[in-house]
>>> print(open('input_16.tsv').read())   # TSV, C-alpha atoms
chain	number	residue	atom	x	y	z
A	1	MET	CA	18.28	1.65	5.73
A	2	ILE	CA	18.12	5.29	6.78
A	3	ALA	CA	14.74	6.85	7.63
A	4	PHE	CA	13.66	9.82	5.52
A	5	PRO	CA	16.97	10.14	3.66
A	6	GLN	CA	15.84	13.38	1.99
A	7	GLY	CA	15.32	15.11	5.31
A	8	GLU	CA	12.61	17.14	6.99
A	9	ASN	CA	10.57	17.99	3.91
A	10	GLN	CA	10.24	14.32	3.01
A	11	LYS	CA	8.94	13.41	6.46
A	12	ALA	CA	6.58	16.40	6.59
A	13	THR	CA	5.21	15.47	3.16
A	14	ALA	CA	4.64	11.85	4.26
A	15	ILE	CA	2.77	12.96	7.39
A	16	ALA	CA	0.69	15.44	5.40
A	17	ARG	CA	-0.24	12.74	2.85
A	18	VAL	CA	-1.53	10.47	5.61
A	19	GLU	CA	-3.43	13.27	7.36
A	20	ASP	CA	-4.98	14.49	4.09
A	21	ALA	CA	-5.99	10.96	3.09
A	22	PHE	CA	-7.78	10.45	6.40
A	23	ALA	CA	-9.41	13.88	6.21
A	24	MET	CA	-10.78	12.97	2.75
A	25	GLY	CA	-11.91	9.52	3.95
A	26	LYS	CA	-9.51	7.74	1.58
A	27	LEU	CA	-7.67	5.72	4.23
A	28	PRO	CA	-7.38	2.99	5.37
A	29	SER	CA	-8.94	0.54	2.89
A	30	PRO	CA	-6.92	-0.71	-0.08
A	31	ASP	CA	-9.78	-2.96	-1.25
A	32	ASP	CA	-11.96	-0.14	-2.50
A	33	ALA	CA	-10.90	1.50	-5.78
A	34	ALA	CA	-11.74	4.96	-4.43
A	35	ARG	CA	-9.59	4.49	-1.34
A	36	VAL	CA	-6.01	3.53	-0.56
A	37	GLY	CA	-4.00	1.62	2.02
A	38	LEU	CA	-1.23	3.23	4.03
A	39	MET	CA	1.51	2.14	1.62
A	40	LYS	CA	-0.28	3.40	-1.49
A	41	CYS	CA	-0.89	6.64	0.33
A	42	LEU	CA	2.83	7.08	0.96
A	43	THR	CA	4.26	5.95	-2.38
A	44	GLU	CA	3.04	5.75	-5.95
A	45	THR	CA	3.12	1.94	-6.20
A	46	GLY	CA	2.36	1.05	-2.58
A	47	GLU	CA	4.97	-1.71	-2.59
A	48	PRO	CA	6.92	-2.52	0.58
A	49	ARG	CA	10.27	-2.47	-1.22
A	50	VAL	CA	9.48	1.01	-2.55
A	51	ILE	CA	8.67	2.18	1.00
A	52	GLU	CA	12.13	0.92	1.97
A	53	ALA	CA	13.89	2.50	-0.99
A	54	THR	CA	12.22	5.90	-0.72
A	55	LEU	CA	11.32	6.42	2.95
A	56	GLY	CA	13.93	4.14	4.54
A	57	ILE	CA	11.33	2.30	6.63
A	58	PRO	CA	11.33	-1.53	6.60
A	59	GLY	CA	8.62	-2.81	4.24
A	60	GLY	CA	7.59	-5.52	6.70
A	61	LEU	CA	6.68	-2.83	9.24
A	62	ALA	CA	4.59	-1.07	6.58
A	63	LEU	CA	2.66	-4.28	5.79
A	64	LEU	CA	1.99	-4.77	9.50
A	65	ALA	CA	0.82	-1.17	9.97
A	66	GLU	CA	-1.48	-1.45	6.96
A	67	GLU	CA	-3.16	-4.55	8.41
A	68	ALA	CA	-3.55	-2.94	11.85
A	69	LEU	CA	-5.16	0.12	10.25
A	70	LEU	CA	-7.59	-2.06	8.32
A	71	ILE	CA	-8.56	-3.74	11.58
A	72	ARG	CA	-9.17	-0.34	13.15
A	73	GLN	CA	-11.08	1.15	10.22
A	74	ASP	CA	-14.36	1.10	12.16
A	75	ASP	CA	-12.78	3.75	14.42
A	76	PRO	CA	-11.40	6.30	11.92
A	77	ALA	CA	-10.10	8.70	14.60
A	78	ASP	CA	-8.13	5.92	16.28
A	79	ALA	CA	-6.83	4.66	12.92
A	80	ALA	CA	-5.82	8.19	11.90
A	81	THR	CA	-3.84	8.66	15.12
A	82	MET	CA	-2.12	5.32	14.66
A	83	ALA	CA	-1.20	6.06	11.03
A	84	ARG	CA	0.19	9.47	11.92
A	85	ASP	CA	2.18	8.00	14.83
A	86	TRP	CA	3.55	5.34	12.51
A	87	VAL	CA	4.87	7.83	9.95
A	88	ASP	CA	6.11	10.19	12.65
A	89	ALA	CA	7.94	7.51	14.68
A	90	PRO	CA	11.18	7.12	12.67
A	91	ALA	CA	13.50	10.03	13.39
A	92	ILE	CA	15.08	11.57	10.31
A	93	GLY	CA	18.43	9.92	9.50
A	94	THR	CA	17.95	6.95	11.88
A	95	ASP	CA	19.27	3.55	10.84
A	96	MET	CA	16.18	1.31	10.79
A	97	THR	CA	17.94	-1.89	9.72
A	98	MET	CA	17.49	-3.79	13.00
A	99	VAL	CA	13.97	-2.65	13.94
A	100	ALA	CA	12.25	-5.62	12.30
A	101	THR	CA	14.58	-8.10	14.05
A	102	ARG	CA	13.91	-6.39	17.41
A	103	LEU	CA	10.17	-6.71	16.78
A	104	VAL	CA	10.61	-10.40	15.95
A	105	THR	CA	12.49	-11.11	19.19
A	106	TRP	CA	9.81	-9.21	21.13
A	107	LEU	CA	7.15	-11.39	19.44
A	108	PHE	CA	9.04	-14.52	20.54
A	109	GLU	CA	9.03	-13.18	24.13
A	110	ARG	CA	5.29	-12.54	23.96
A	111	VAL	CA	4.50	-16.00	22.60
A	112	ALA	CA	6.72	-17.61	25.27
A	113	ASP	CA	4.91	-15.66	27.99
A	114	ALA	CA	2.84	-18.21	29.91
A	115	ASP	CA	-0.01	-15.70	30.21
A	116	VAL	CA	-0.30	-15.54	26.44
A	117	LEU	CA	-0.35	-19.25	25.73
A	118	PRO	CA	0.04	-21.65	28.62
A	119	VAL	CA	1.89	-24.69	27.23
A	120	ASP	CA	4.01	-26.88	29.49
A	121	ASP	CA	7.08	-26.70	27.32
A	122	LEU	CA	7.87	-24.89	24.11
A	123	PRO	CA	8.75	-26.98	21.04
A	124	ARG	CA	12.52	-27.25	20.44
A	125	CYS	CA	12.22	-25.44	17.09
A	126	PHE	CA	10.85	-22.35	18.88
A	127	GLY	CA	14.12	-21.80	20.77
A	128	PHE	CA	16.16	-22.74	17.72
A	129	VAL	CA	14.58	-20.04	15.52
A	130	ARG	CA	14.52	-17.44	18.32
A	131	ASP	CA	18.26	-17.96	18.85
A	132	LEU	CA	18.99	-17.24	15.19
A	133	HIS	CA	17.27	-13.84	15.50
A	134	LEU	CA	19.10	-13.10	18.76
A	135	ARG	CA	22.40	-13.86	17.02
A	136	VAL	CA	21.44	-11.40	14.25
A	137	LEU	CA	20.80	-8.77	16.96
A	138	ARG	CA	24.31	-9.44	18.29
A	139	GLY	CA	25.70	-8.66	14.84
A	140	GLU	CA	26.20	-12.17	13.47
A	141	THR	CA	25.41	-13.01	9.86
A	142	ILE	CA	23.29	-16.14	9.56
A	143	GLY	CA	23.68	-18.01	6.28
A	144	ARG	CA	20.81	-19.12	4.06
A	145	ALA	CA	21.47	-22.80	4.87
A	146	GLU	CA	21.10	-22.21	8.61
A	147	TRP	CA	17.76	-20.45	8.16
A	148	ALA	CA	16.60	-23.25	5.86
A	149	ALA	CA	17.62	-25.91	8.43
A	150	ALA	CA	15.68	-24.12	11.18
A	151	ARG	CA	12.69	-23.82	8.89
A	152	THR	CA	12.80	-27.49	7.96
A	153	GLU	CA	12.84	-28.52	11.62
A	154	ALA	CA	9.96	-26.18	12.47
A	155	LEU	CA	7.88	-27.32	9.48
A	156	ALA	CA	8.34	-30.95	10.59
A	157	ALA	CA	7.44	-30.04	14.19
A	158	THR	CA	4.23	-28.35	13.03
A	159	ASP	CA	3.22	-31.36	10.96
A	160	GLN	CA	4.01	-33.86	13.72
A	161	GLU	CA	2.49	-31.96	16.66
A	162	GLY	CA	-0.77	-33.40	17.92
A	163	ASP	CA	-1.70	-30.73	20.45
A	164	ALA	CA	-3.37	-27.73	18.79
A	165	ARG	CA	-1.74	-25.14	21.08
A	166	ARG	CA	1.77	-26.52	20.67
A	167	GLN	CA	1.14	-26.80	16.94
A	168	LEU	CA	0.35	-23.06	16.82
A	169	VAL	CA	3.66	-22.32	18.54
A	170	ALA	CA	5.56	-24.57	16.09
A	171	LYS	CA	3.77	-22.88	13.20
A	172	PHE	CA	4.84	-19.51	14.59
A	173	ALA	CA	8.47	-20.76	14.65
A	174	GLU	CA	8.23	-22.10	11.09
A	175	THR	CA	6.84	-18.79	9.87
A	176	MET	CA	9.52	-16.71	11.59
A	177	ALA	CA	12.48	-18.74	10.28
A	178	TRP	CA	13.66	-16.07	7.84
A	179	PRO	CA	16.02	-13.11	8.18
A	180	ALA	CA	13.79	-10.23	9.32
A	181	ALA	CA	15.73	-7.63	7.36
A	182	THR	CA	14.76	-9.11	3.98
A	183	ALA	CA	11.64	-11.24	4.57
A	184	ARG	CA	9.04	-8.50	4.24
A	185	THR	CA	5.95	-10.69	4.72
A	186	MET	CA	7.26	-12.53	7.77
A	187	LEU	CA	6.17	-9.89	10.26
A	188	ILE	CA	2.57	-9.77	9.15
A	189	GLU	CA	2.35	-13.56	8.95
A	190	GLY	CA	3.90	-13.76	12.45
A	191	ALA	CA	1.57	-11.08	13.81
A	192	ARG	CA	-1.47	-12.99	12.48
A	193	LEU	CA	-0.21	-16.15	14.18
A	194	TYR	CA	0.41	-14.21	17.38
A	195	GLY	CA	-3.21	-13.02	17.11
A	196	SER	CA	-4.31	-16.66	16.70
A	197	ILE	CA	-2.22	-17.64	19.73
A	198	CYS	CA	-3.87	-14.85	21.76
A	199	ALA	CA	-7.28	-16.11	20.60
A	200	ALA	CA	-6.39	-19.70	21.62
A	201	ALA	CA	-5.25	-18.43	25.01
A	202	GLU	CA	-8.54	-16.56	25.40
A	203	GLU	CA	-10.41	-19.74	24.56
A	204	GLY	CA	-8.40	-21.47	27.30
A	205	ARG	CA	-9.53	-18.85	29.83
A	206	SER	CA	-13.22	-19.35	29.00
A	207	ASP	CA	-15.34	-21.32	31.47
A	208	THR	CA	-16.71	-23.35	28.54
A	209	THR	CA	-15.47	-26.92	28.94
A	210	GLY	CA	-14.18	-29.07	26.09
A	211	ASP	CA	-17.30	-31.22	26.30
A	212	GLN	CA	-19.54	-28.15	26.09
A	213	ARG	CA	-17.62	-26.96	23.02
A	214	ILE	CA	-18.07	-30.34	21.33
A	215	GLU	CA	-21.80	-30.27	22.19
A	216	ILE	CA	-22.24	-26.76	20.76
A	217	HIS	CA	-20.66	-27.79	17.46
A	218	ARG	CA	-22.59	-31.06	17.34
A	219	VAL	CA	-25.92	-29.28	17.80
A	220	MET	CA	-24.96	-26.56	15.34
A	221	ASP	CA	-23.91	-29.09	12.66
A	222	GLN	CA	-27.10	-31.10	13.18
A	223	LEU	CA	-29.29	-28.00	12.91
A	224	PHE	CA	-27.42	-26.86	9.81
A	225	THR	CA	-28.07	-30.21	8.13
A	226	GLU	CA	-31.73	-30.36	9.22
A	227	THR	CA	-32.47	-26.85	7.93
A	228	ALA	CA	-30.74	-27.20	4.54
A	229	VAL	CA	-34.02	-27.27	2.57
A	230	MET	CA	-35.56	-24.45	4.62
A	231	ARG	CA	-32.48	-22.24	4.15
A	232	GLU	CA	-32.41	-22.89	0.42
A	233	ALA	CA	-36.07	-21.91	0.12
A	234	ASP	CA	-35.55	-18.71	2.09
A	235	PRO	CA	-32.16	-17.05	1.36
A	236	GLY	CA	-33.01	-14.36	3.92
A	237	LEU	CA	-32.93	-16.90	6.72
A	238	PHE	CA	-29.91	-16.14	8.91
A	239	PHE	CA	-28.55	-19.35	10.43
A	240	PRO	CA	-27.08	-17.74	13.60
A	241	ASP	CA	-30.53	-16.27	14.38
A	242	LEU	CA	-32.11	-19.68	13.91
A	243	PHE	CA	-29.53	-21.28	16.22
A	244	ALA	CA	-30.10	-18.56	18.83
A	245	GLU	CA	-33.87	-19.03	18.68
A	246	LEU	CA	-33.79	-22.81	19.06
A	247	HIS	CA	-30.78	-23.14	21.39
A	248	PRO	CA	-30.48	-19.81	23.24
A	249	GLU	CA	-28.08	-20.99	25.95
A	250	LEU	CA	-25.68	-22.74	23.60
A	251	SER	CA	-25.83	-19.83	21.17
A	252	ALA	CA	-25.13	-17.24	23.87
A	253	ARG	CA	-22.11	-19.20	25.09
A	254	PHE	CA	-20.83	-19.70	21.52
A	255	VAL	CA	-21.21	-16.01	20.60
A	256	ARG	CA	-19.61	-14.84	23.85
A	257	ASP	CA	-16.56	-17.10	23.35
A	258	LEU	CA	-16.29	-16.21	19.66
A	259	ASP	CA	-16.41	-12.47	20.38
A	260	ALA	CA	-13.73	-12.86	23.05
A	261	ALA	CA	-11.46	-14.89	20.73
A	262	ASN	CA	-11.93	-12.39	17.87
A	263	ALA	CA	-11.13	-9.49	20.19
A	264	ALA	CA	-7.99	-11.28	21.36
A	265	TYR	CA	-6.91	-11.91	17.74
A	266	VAL	CA	-7.39	-8.27	16.78
A	267	GLY	CA	-5.76	-7.13	20.01
A	268	GLY	CA	-2.69	-9.24	19.23
A	269	ILE	CA	-2.16	-7.67	15.81
A	270	VAL	CA	-2.77	-4.14	17.06
A	271	GLU	CA	-0.37	-4.78	19.96
A	272	CYS	CA	2.34	-5.79	17.44
A	273	ALA	CA	1.77	-2.68	15.34
A	274	ALA	CA	1.84	-0.46	18.43
A	275	HIS	CA	5.09	-2.06	19.59
A	276	ALA	CA	6.58	-1.52	16.13
A	277	ILE	CA	5.93	2.22	16.56
A	278	LEU	CA	7.71	2.16	19.95
A	279	LEU	CA	10.71	0.34	18.43
A	280	MET	CA	10.90	2.77	15.49
A	281	ARG	CA	10.96	5.68	17.97
A	282	ALA	CA	13.55	3.92	20.13
A	283	ALA	CA	15.84	3.29	17.13
A	284	ALA	CA	16.93	6.92	17.28
A	285	ALA	CA	18.18	6.62	20.85
B	1	MET	CA	4.80	-5.94	-7.56
B	2	SER	CA	8.34	-7.31	-7.62
B	3	GLU	CA	10.35	-6.79	-10.80
B	4	CYS	CA	11.08	-10.55	-10.63
B	5	ILE	CA	7.44	-11.39	-11.46
B	6	THR	CA	6.17	-11.80	-15.03
B	7	HIS	CA	2.56	-11.41	-16.19
B	8	ALA	CA	1.36	-14.04	-18.65
B	9	THR	CA	-1.65	-14.32	-20.96
B	10	ASP	CA	-3.43	-17.11	-22.84
B	11	GLU	CA	-0.94	-16.48	-25.65
B	12	THR	CA	2.32	-16.24	-23.65
B	13	LEU	CA	1.97	-18.74	-20.78
B	14	GLU	CA	3.07	-21.87	-22.68
B	15	ALA	CA	6.38	-20.37	-23.75
B	16	LEU	CA	7.10	-19.22	-20.20
B	17	ILE	CA	6.32	-22.63	-18.69
B	18	ASN	CA	8.32	-24.58	-21.31
B	19	GLN	CA	11.77	-23.54	-20.20
B	20	PRO	CA	14.05	-26.59	-20.00
B	21	GLY	CA	15.52	-27.14	-16.54
B	22	ARG	CA	13.76	-24.16	-14.97
B	23	LEU	CA	11.12	-24.15	-12.26
B	24	VAL	CA	8.17	-21.89	-12.98
B	25	LEU	CA	5.56	-21.00	-10.35
B	26	VAL	CA	2.28	-19.79	-11.81
B	27	ASP	CA	-0.10	-17.80	-9.63
B	28	PHE	CA	-3.71	-17.85	-10.86
B	29	TRP	CA	-5.44	-14.79	-9.45
B	30	ALA	CA	-8.16	-12.19	-10.07
B	31	ASP	CA	-8.56	-8.57	-9.12
B	32	TRP	CA	-11.76	-9.28	-7.13
B	33	CYS	CA	-10.07	-11.99	-5.02
B	34	GLY	CA	-9.11	-10.77	-1.53
B	35	PRO	CA	-6.98	-13.81	-0.59
B	36	CYS	CA	-5.11	-13.41	-3.93
B	37	LYS	CA	-4.23	-9.84	-2.96
B	38	ALA	CA	-3.18	-10.97	0.52
B	39	LEU	CA	-0.87	-13.55	-1.07
B	40	ALA	CA	0.75	-11.04	-3.45
B	41	PRO	CA	3.42	-9.69	-1.01
B	42	THR	CA	4.41	-13.28	-0.14
B	43	LEU	CA	4.88	-14.05	-3.85
B	44	ASP	CA	6.96	-10.88	-4.21
B	45	ASP	CA	9.18	-12.12	-1.36
B	46	ILE	CA	9.47	-15.58	-2.92
B	47	ALA	CA	10.25	-14.17	-6.38
B	48	GLU	CA	13.13	-12.14	-4.95
B	49	GLU	CA	14.36	-14.92	-2.64
B	50	TYR	CA	14.50	-17.45	-5.51
B	51	ALA	CA	15.25	-15.01	-8.33
B	52	ASP	CA	18.11	-17.12	-9.72
B	53	GLN	CA	16.26	-20.47	-9.49
B	54	LEU	CA	12.59	-19.80	-10.09
B	55	LEU	CA	10.41	-17.79	-12.44
B	56	VAL	CA	7.20	-16.48	-10.86
B	57	VAL	CA	4.38	-15.86	-13.33
B	58	LYS	CA	0.95	-14.35	-12.64
B	59	VAL	CA	-2.13	-15.19	-14.71
B	60	ASP	CA	-5.33	-13.17	-14.34
B	61	VAL	CA	-8.07	-15.81	-14.69
B	62	VAL	CA	-10.70	-13.26	-15.71
B	63	ALA	CA	-8.64	-11.90	-18.61
B	64	ASN	CA	-7.33	-15.36	-19.55
B	65	GLU	CA	-10.33	-17.66	-19.25
B	66	ALA	CA	-9.09	-20.16	-21.84
B	67	THR	CA	-5.96	-20.95	-19.81
B	68	ALA	CA	-7.90	-21.19	-16.55
B	69	ARG	CA	-10.34	-23.64	-18.16
B	70	ARG	CA	-7.62	-25.70	-19.84
B	71	LEU	CA	-5.65	-26.08	-16.59
B	72	SER	CA	-8.72	-26.85	-14.45
B	73	VAL	CA	-8.41	-23.80	-12.24
B	74	GLN	CA	-11.49	-24.19	-10.03
B	75	SER	CA	-10.58	-21.91	-7.15
B	76	ILE	CA	-8.16	-19.05	-6.57
B	77	PRO	CA	-5.58	-18.29	-5.42
B	78	LEU	CA	-4.04	-21.35	-7.03
B	79	LEU	CA	-0.30	-21.87	-7.35
B	80	VAL	CA	0.97	-24.39	-9.89
B	81	LEU	CA	4.62	-25.36	-10.10
B	82	TYR	CA	6.10	-26.46	-13.44
B	83	SER	CA	9.45	-28.05	-14.18
B	84	GLY	CA	10.53	-28.32	-17.81
B	85	GLY	CA	6.98	-27.63	-18.93
B	86	LEU	CA	5.37	-30.33	-16.76
B	87	GLU	CA	3.21	-29.67	-13.72
B	88	VAL	CA	4.98	-31.07	-10.66
B	89	ASP	CA	2.96	-29.62	-7.78
B	90	ARG	CA	0.05	-27.33	-6.96
B	91	ALA	CA	-1.24	-25.59	-3.84
B	92	ALA	CA	-4.68	-24.04	-3.46
B	93	GLY	CA	-5.54	-21.20	-1.09
B	94	SER	CA	-3.39	-18.91	1.00
B	95	GLN	CA	0.15	-20.08	1.78
B	96	THR	CA	2.71	-18.75	4.22
B	97	LYS	CA	6.13	-17.97	2.83
B	98	SER	CA	7.65	-20.92	4.71
B	99	ARG	CA	5.12	-23.42	3.33
B	100	LEU	CA	5.53	-22.05	-0.19
B	101	ALA	CA	9.32	-22.17	0.10
B	102	ALA	CA	9.13	-25.78	1.30
B	103	LEU	CA	7.06	-26.69	-1.77
B	104	ILE	CA	9.62	-25.06	-4.07
B	105	ASP	CA	12.62	-26.52	-2.22
B	106	ARG	CA	11.24	-30.03	-2.73
B	107	HIS	CA	11.62	-29.59	-6.48
B	108	LEU	CA	14.90	-27.73	-6.46
B	109	ALA	CA	16.79	-30.51	-4.73
>>> encode(input="input_16.tsv", output="structure tokens")
Amino acid sequence: MIAFPQGENQKATAIARVEDAFAMGKLPSPDDAARVGLMKCLTETGEPRVIEATLGIPGGLALLAEEALLIRQDDPADAATMARDWVDAPAIGTDMTMVATRLVTWLFERVADADVLPVDDLPRCFGFVRDLHLRVLRGETIGRAEWAAARTEALAATDQEGDARRQLVAKFAETMAWPAATARTMLIEGARLYGSICAAAEEGRSDTTGDQRIEIHRVMDQLFTETAVMREADPGLFFPDLFAELHPELSARFVRDLDAANAAYVGGIVECAAHAILLMRAAAA
Amino acid sequence: MSECITHATDETLEALINQPGRLVLVDFWADWCGPCKALAPTLDDIAEEYADQLLVVKVDVVANEATARRLSVQSIPLLVLYSGGLEVDRAAGSQTKSRLAALIDRHLA
């Protein structure tokens, strides 16, 4: 997969399309008929395989960039810079075949980092799947049966795991048990799980105890049940405001923790997309 | 959308499902459904991965209300797996590629 196989004009046109779309306010939302996502901006159909066939950039990286841009759409200047950097990153004529696999192995390193998610020991399937990707990086060809076996083990580990944090790690392994070069949706699914792992780690750093968390949810559930008739009679009644008014301390703690977890989730996905840009640049070296 | 995916209507779905010995995965979706759109790239991946073993069919529930009613489609996205014309499995809501592949693999064996 060679980046911008038609040369300088093709790359310049792609960059101009992205810059023009931002200037006209058309990026980065694909959900609005009047606007487009990054992939639709770059190609007629907006499909990842078409991005690969025409621009020579792995479709999985395009899906990931599109999601990161959507997350950043409340800061158009930041999103515009990221989109331009993404299109500009692959050097003309660079072989991009291994970039997705390199991003996958980096994701495995991040998840295994004790600062990201402190678990005592990683599930066996995590190392099993990571090793398959490392073998691909070394030039080995992994057969379909070997990927399927790794996936089966990871799926079973996810279903059997009782601890929520370890289950997230097993789920990450199950999701990543595909060859990165052809599984276009694996990166975005893995990035979302990495975001969830970052959010779980953030929750672990909060000073809210497990008992406090249970109490918050108990009180919230009780209030929700007790106010069912009132809420039905007044559709304008906003439950979070009601909870804050009646239980200000619990509400403040809940909102603070939720905001922190959401920020960690978003940060995880944006971090993946930013690292993808670095790896695309590095592919030319 | 992948070239391996077929669009069906109230009139054409039955013939597509009733293929002896072939697995058919039907995705019930609508244009207004965000999770359906999020699932679309995963279905593209699956359609290409299983191109020689599985037919992936999409049915727009807004344009094909009769089918949606007849097959009790109460929420979308909904994926229904058929083998030889008979429903053998269904999965509601978003699915990862691995979970979806596991569902298909169970019926390929």
>>> atom_distance(input="input_16.tsv", atom1="CA of Leu63 in chain A", atom2="CA of Ala285 in chain A")
24.2 Å
>>> residues_around(input="input_16.tsv", residues="range 5-17 of chain B", least_positions_apart="3", cutoff="12 Å", atoms="all atoms listed in the file", output="JSON, numbers by chain")
{"B": [1, 2, 20, 21, 22, 23, 24, 25, 26, 27, 28, 29, 40, 41, 42, 43, 44, 45, 46, 47, 48, 49, 50, 51, 54, 55, 56, 57, 58, 59, 60, 61, 62, 63, 64, 65, 66, 67, 68, 69, 70, 71, 80, 81, 82, 83, 84, 85, 86, 87, 88]}
>>> write_last_selection(input="input_16.tsv", atoms="C-alpha atoms", output="CSV table (one decimal), in the coordinates of the input")
chain,number,residue,atom,x,y,z
B,1,MET,CA,4.8,-5.9,-7.6
B,2,SER,CA,8.3,-7.3,-7.6
B,20,PRO,CA,14.0,-26.6,-20.0
B,21,GLY,CA,15.5,-27.1,-16.5
B,22,ARG,CA,13.8,-24.2,-15.0
B,23,LEU,CA,11.1,-24.2,-12.3
B,24,VAL,CA,8.2,-21.9,-13.0
B,25,LEU,CA,5.6,-21.0,-10.4
B,26,VAL,CA,2.3,-19.8,-11.8
B,27,ASP,CA,-0.1,-17.8,-9.6
B,28,PHE,CA,-3.7,-17.8,-10.9
B,29,TRP,CA,-5.4,-14.8,-9.4
B,40,ALA,CA,0.8,-11.0,-3.4
B,41,PRO,CA,3.4,-9.7,-1.0
B,42,THR,CA,4.4,-13.3,-0.1
B,43,LEU,CA,4.9,-14.0,-3.8
B,44,ASP,CA,7.0,-10.9,-4.2
B,45,ASP,CA,9.2,-12.1,-1.4
B,46,ILE,CA,9.5,-15.6,-2.9
B,47,ALA,CA,10.2,-14.2,-6.4
B,48,GLU,CA,13.1,-12.1,-5.0
B,49,GLU,CA,14.4,-14.9,-2.6
B,50,TYR,CA,14.5,-17.4,-5.5
B,51,ALA,CA,15.2,-15.0,-8.3
B,54,LEU,CA,12.6,-19.8,-10.1
B,55,LEU,CA,10.4,-17.8,-12.4
B,56,VAL,CA,7.2,-16.5,-10.9
B,57,VAL,CA,4.4,-15.9,-13.3
B,58,LYS,CA,1.0,-14.4,-12.6
B,59,VAL,CA,-2.1,-15.2,-14.7
B,60,ASP,CA,-5.3,-13.2,-14.3
B,61,VAL,CA,-8.1,-15.8,-14.7
B,62,VAL,CA,-10.7,-13.3,-15.7
B,63,ALA,CA,-8.6,-11.9,-18.6
B,64,ASN,CA,-7.3,-15.4,-19.6
B,65,GLU,CA,-10.3,-17.7,-19.2
B,66,ALA,CA,-9.1,-20.2,-21.8
B,67,THR,CA,-6.0,-21.0,-19.8
B,68,ALA,CA,-7.9,-21.2,-16.6
B,69,ARG,CA,-10.3,-23.6,-18.2
B,70,ARG,CA,-7.6,-25.7,-19.8
B,71,LEU,CA,-5.6,-26.1,-16.6
B,80,VAL,CA,1.0,-24.4,-9.9
B,81,LEU,CA,4.6,-25.4,-10.1
B,82,TYR,CA,6.1,-26.5,-13.4
B,83,SER,CA,9.4,-28.0,-14.2
B,84,GLY,CA,10.5,-28.3,-17.8
B,85,GLY,CA,7.0,-27.6,-18.9
B,86,LEU,CA,5.4,-30.3,-16.8
B,87,GLU,CA,3.2,-29.7,-13.7
B,88,VAL,CA,5.0,-31.1,-10.7
>>> atom_distance(input="input_16.tsv", atom1="CA of Gly190 in chain A", atom2="CA of Leu70 in chain A")
16.9 Å
>>> atom_distance(input="input_16.tsv", atom1="CA of Thr94 in chain A", atom2="CA of Ala273 in chain A")
19.1 Å
>>> residues_near_point(input="input_16.tsv", point="(5.6, -6.1, 20.6)", cutoff="7 Å", atoms="only C-alpha atoms", output="compact mmCIF listing (two decimals) with C-alpha atoms, keeping the file's coordinate frame")
# COMPACT_ATOMS: atom_id res chain seq x y z
CA LEU A 103 10.17 -6.71 16.78
CA TRP A 106 9.81 -9.21 21.13
CA LEU A 107 7.15 -11.39 19.44
CA GLU A 271 -0.37 -4.78 19.96
CA CYS A 272 2.34 -5.79 17.44
CA HIS A 275 5.09 -2.06 19.59
CA ALA A 276 6.58 -1.52 16.13
>>> residues_around(input="input_16.tsv", residues="Ile277 in chain A", least_positions_apart="5", cutoff="8 Å", atoms="all atoms listed in the file", output="list in words")
Asp85, Trp86 and Ala89 of chain A
>>> write_last_selection(input="input_16.tsv", atoms="C-alpha atoms", output="PDB file, in the coordinates of the input")
ATOM      1  CA  ASP A  85       2.180   8.000  14.830  1.00  0.00           C
ATOM      2  CA  TRP A  86       3.550   5.340  12.510  1.00  0.00           C
ATOM      3  CA  ALA A  89       7.940   7.510  14.680  1.00  0.00           C
TER       4      ALA A  89
END
>>> closest_residue(input="input_16.tsv", among="A:Ala274, A:Ala283, A:Ile188, A:Leu250", to="Met1 in chain A", atoms="all atoms listed in the file")
A:Ala283
>>> interface_residues(input="input_16.tsv", of="chain A", to="chain B", cutoff="12 Å", atoms="all atoms listed in the file", output="ChimeraX atom specification")
/A:30-33,44-50,59-60,62-64,66-67,144-145,147-156,158-159,171-190,192-193
>>> residues_around(input="input_16.tsv", residues="Val169 in chain A", least_positions_apart="4", cutoff="8 Å", atoms="only C-alpha atoms", output="MDAnalysis selection string")
chainID A and resid 111 122:123 126 165 173 197
>>> closest_residue(input="input_16.tsv", among="A:Pro248, A:Gly195, A:Gly204, A:Pro240", to="Asp115 in chain A", atoms="all atoms listed in the file")
A:Gly204
>>> residues_around(input="input_16.tsv", residues="range 5-10 of chain A", least_positions_apart="3", cutoff="7 Å", atoms="only C-alpha atoms", output="ChimeraX atom specification")
/A:2,13-14,55-56,92-93
>>> decode(input="input_16.tsv", residues="range 6-19 of chain A", atoms="C-alpha atoms", output="JSON list (two decimals), in the first residue's frame")
[["chain", "number", "residue", "atom", "x", "y", "z"],
["A", 6, "GLN", "CA", -0.25, 9.55, -8.14],
["A", 7, "GLY", "CA", 2.33, 11.87, -6.63],
["A", 8, "GLU", "CA", 2.45, 15.45, -5.41],
["A", 9, "ASN", "CA", -0.71, 16.72, -7.07],
["A", 10, "GLN", "CA", -2.77, 13.97, -5.44],
["A", 11, "LYS", "CA", -1.48, 14.83, -1.97],
["A", 12, "ALA", "CA", -1.89, 18.58, -2.52],
["A", 13, "THR", "CA", -5.47, 18.02, -3.72],
["A", 14, "ALA", "CA", -6.27, 15.89, -0.63],
["A", 15, "ILE", "CA", -4.89, 18.56, 1.72],
["A", 16, "ALA", "CA", -6.78, 21.30, -0.11],
["A", 17, "ARG", "CA", -10.05, 19.32, 0.11],
["A", 18, "VAL", "CA", -9.69, 19.00, 3.88],
["A", 19, "GLU", "CA", -8.74, 22.67, 4.34]]
